[in-house]
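In what follows, a structure is listed as structure tokens, so that the remarks can point back to it.
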Amino acid sequence: MSTSFADWVSTADAVRATAKKLEKHAALARYLGALDDSDLQIAARLFAGAPFPRRDERVLAVGWSALSDVLLE
């Protein structure tokens, strides 16, 4: 991957921290503009909250409890 997951998280935090569409757009443009095509697809899906293609029937089934367990380790 051309950037780290920490960069993705920082971008997501920046988008969440503002209500201004232009600031959201700028943060996403900076991050997404630095990615190659394959990483761009993955990052865009994650930002959209849909990690799998629409035709894919898989689901993550990861809830807050599982995430908090991992974070607390």
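FYI, nothing fancy with the structure tokens labels: chains A, B, ... in order, residues from 1 per chain, ligands from 1 as they appear.
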### Task
Could you give me, as a list in words, the residues within 10 Å of stretch 43-57 of chain A, counting only C-alpha atoms and dropping anything in the same chain fewer than 3 positions from it?
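Counting only the stated atoms, we get Phe5, Trp8, Val9, Thr11, Ala12, Val15, Leu28, Tyr31, Leu32, Leu35, Asp37, Ser38, Asp39, Leu40 and Leu60 of chain A.
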Using only N, CA and C atoms, please write the residues we just selected to a file, as a CSV table (one decimal), in the first residue's frame.
```csv
chain,number,residue,atom,x,y,z
A,5,PHE,N,-2.1,2.7,7.1
A,5,PHE,CA,-3.5,2.8,7.6
A,5,PHE,C,-3.6,4.0,8.5
A,8,TRP,N,-4.9,6.7,6.6
A,8,TRP,CA,-6.3,6.6,6.3
A,8,TRP,C,-7.1,7.1,7.5
A,9,VAL,N,-6.7,6.7,8.7
A,9,VAL,CA,-7.4,7.1,10.0
A,9,VAL,C,-7.3,8.6,10.2
A,11,THR,N,-7.1,10.8,7.9
A,11,THR,CA,-8.0,11.4,6.9
A,11,THR,C,-9.4,11.3,7.4
A,12,ALA,N,-9.8,10.1,7.8
A,12,ALA,CA,-11.1,9.9,8.3
A,12,ALA,C,-11.5,10.8,9.5
A,15,VAL,N,-12.1,14.3,8.2
A,15,VAL,CA,-13.4,14.4,7.5
A,15,VAL,C,-14.5,14.5,8.6
A,28,LEU,N,-10.0,14.5,1.7
A,28,LEU,CA,-10.1,13.2,0.9
A,28,LEU,C,-9.2,13.3,-0.4
A,31,TYR,N,-5.5,12.7,0.4
A,31,TYR,CA,-5.2,11.3,0.7
A,31,TYR,C,-5.4,10.4,-0.5
A,32,LEU,N,-6.6,10.5,-1.1
A,32,LEU,CA,-6.9,9.7,-2.3
A,32,LEU,C,-5.9,10.0,-3.5
A,35,LEU,N,-2.7,7.8,-3.7
A,35,LEU,CA,-2.8,6.4,-3.8
A,35,LEU,C,-2.7,5.9,-5.3
A,37,ASP,N,-4.0,3.0,-8.2
A,37,ASP,CA,-5.3,2.6,-8.5
A,37,ASP,C,-5.9,1.5,-7.6
A,38,SER,N,-5.1,0.5,-7.3
A,38,SER,CA,-5.6,-0.6,-6.5
A,38,SER,C,-5.9,-0.2,-5.1
A,39,ASP,N,-5.0,0.6,-4.5
A,39,ASP,CA,-5.2,1.1,-3.2
A,39,ASP,C,-6.4,2.1,-3.1
A,40,LEU,N,-6.5,2.9,-4.2
A,40,LEU,CA,-7.6,3.8,-4.3
A,40,LEU,C,-9.0,3.1,-4.2
A,60,LEU,N,-18.9,-8.1,6.8
A,60,LEU,CA,-17.8,-8.1,7.8
A,60,LEU,C,-18.2,-8.8,9.1
```
### Task
Please give the complete set of residues from chain A that DSSP, run on the backbone, assigns to alpha helix (DSSP H), formatted as a count of residues only.
47
### Message
So the first atom is atom CA of A:Ala17 and the second is atom CA of A:Ala29; what is the distance between them in Å, to one decimal place?
### Response
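Separating atom CA of A:Ala17 from atom CA of A:Ala29 is a distance of 15.9 Å.
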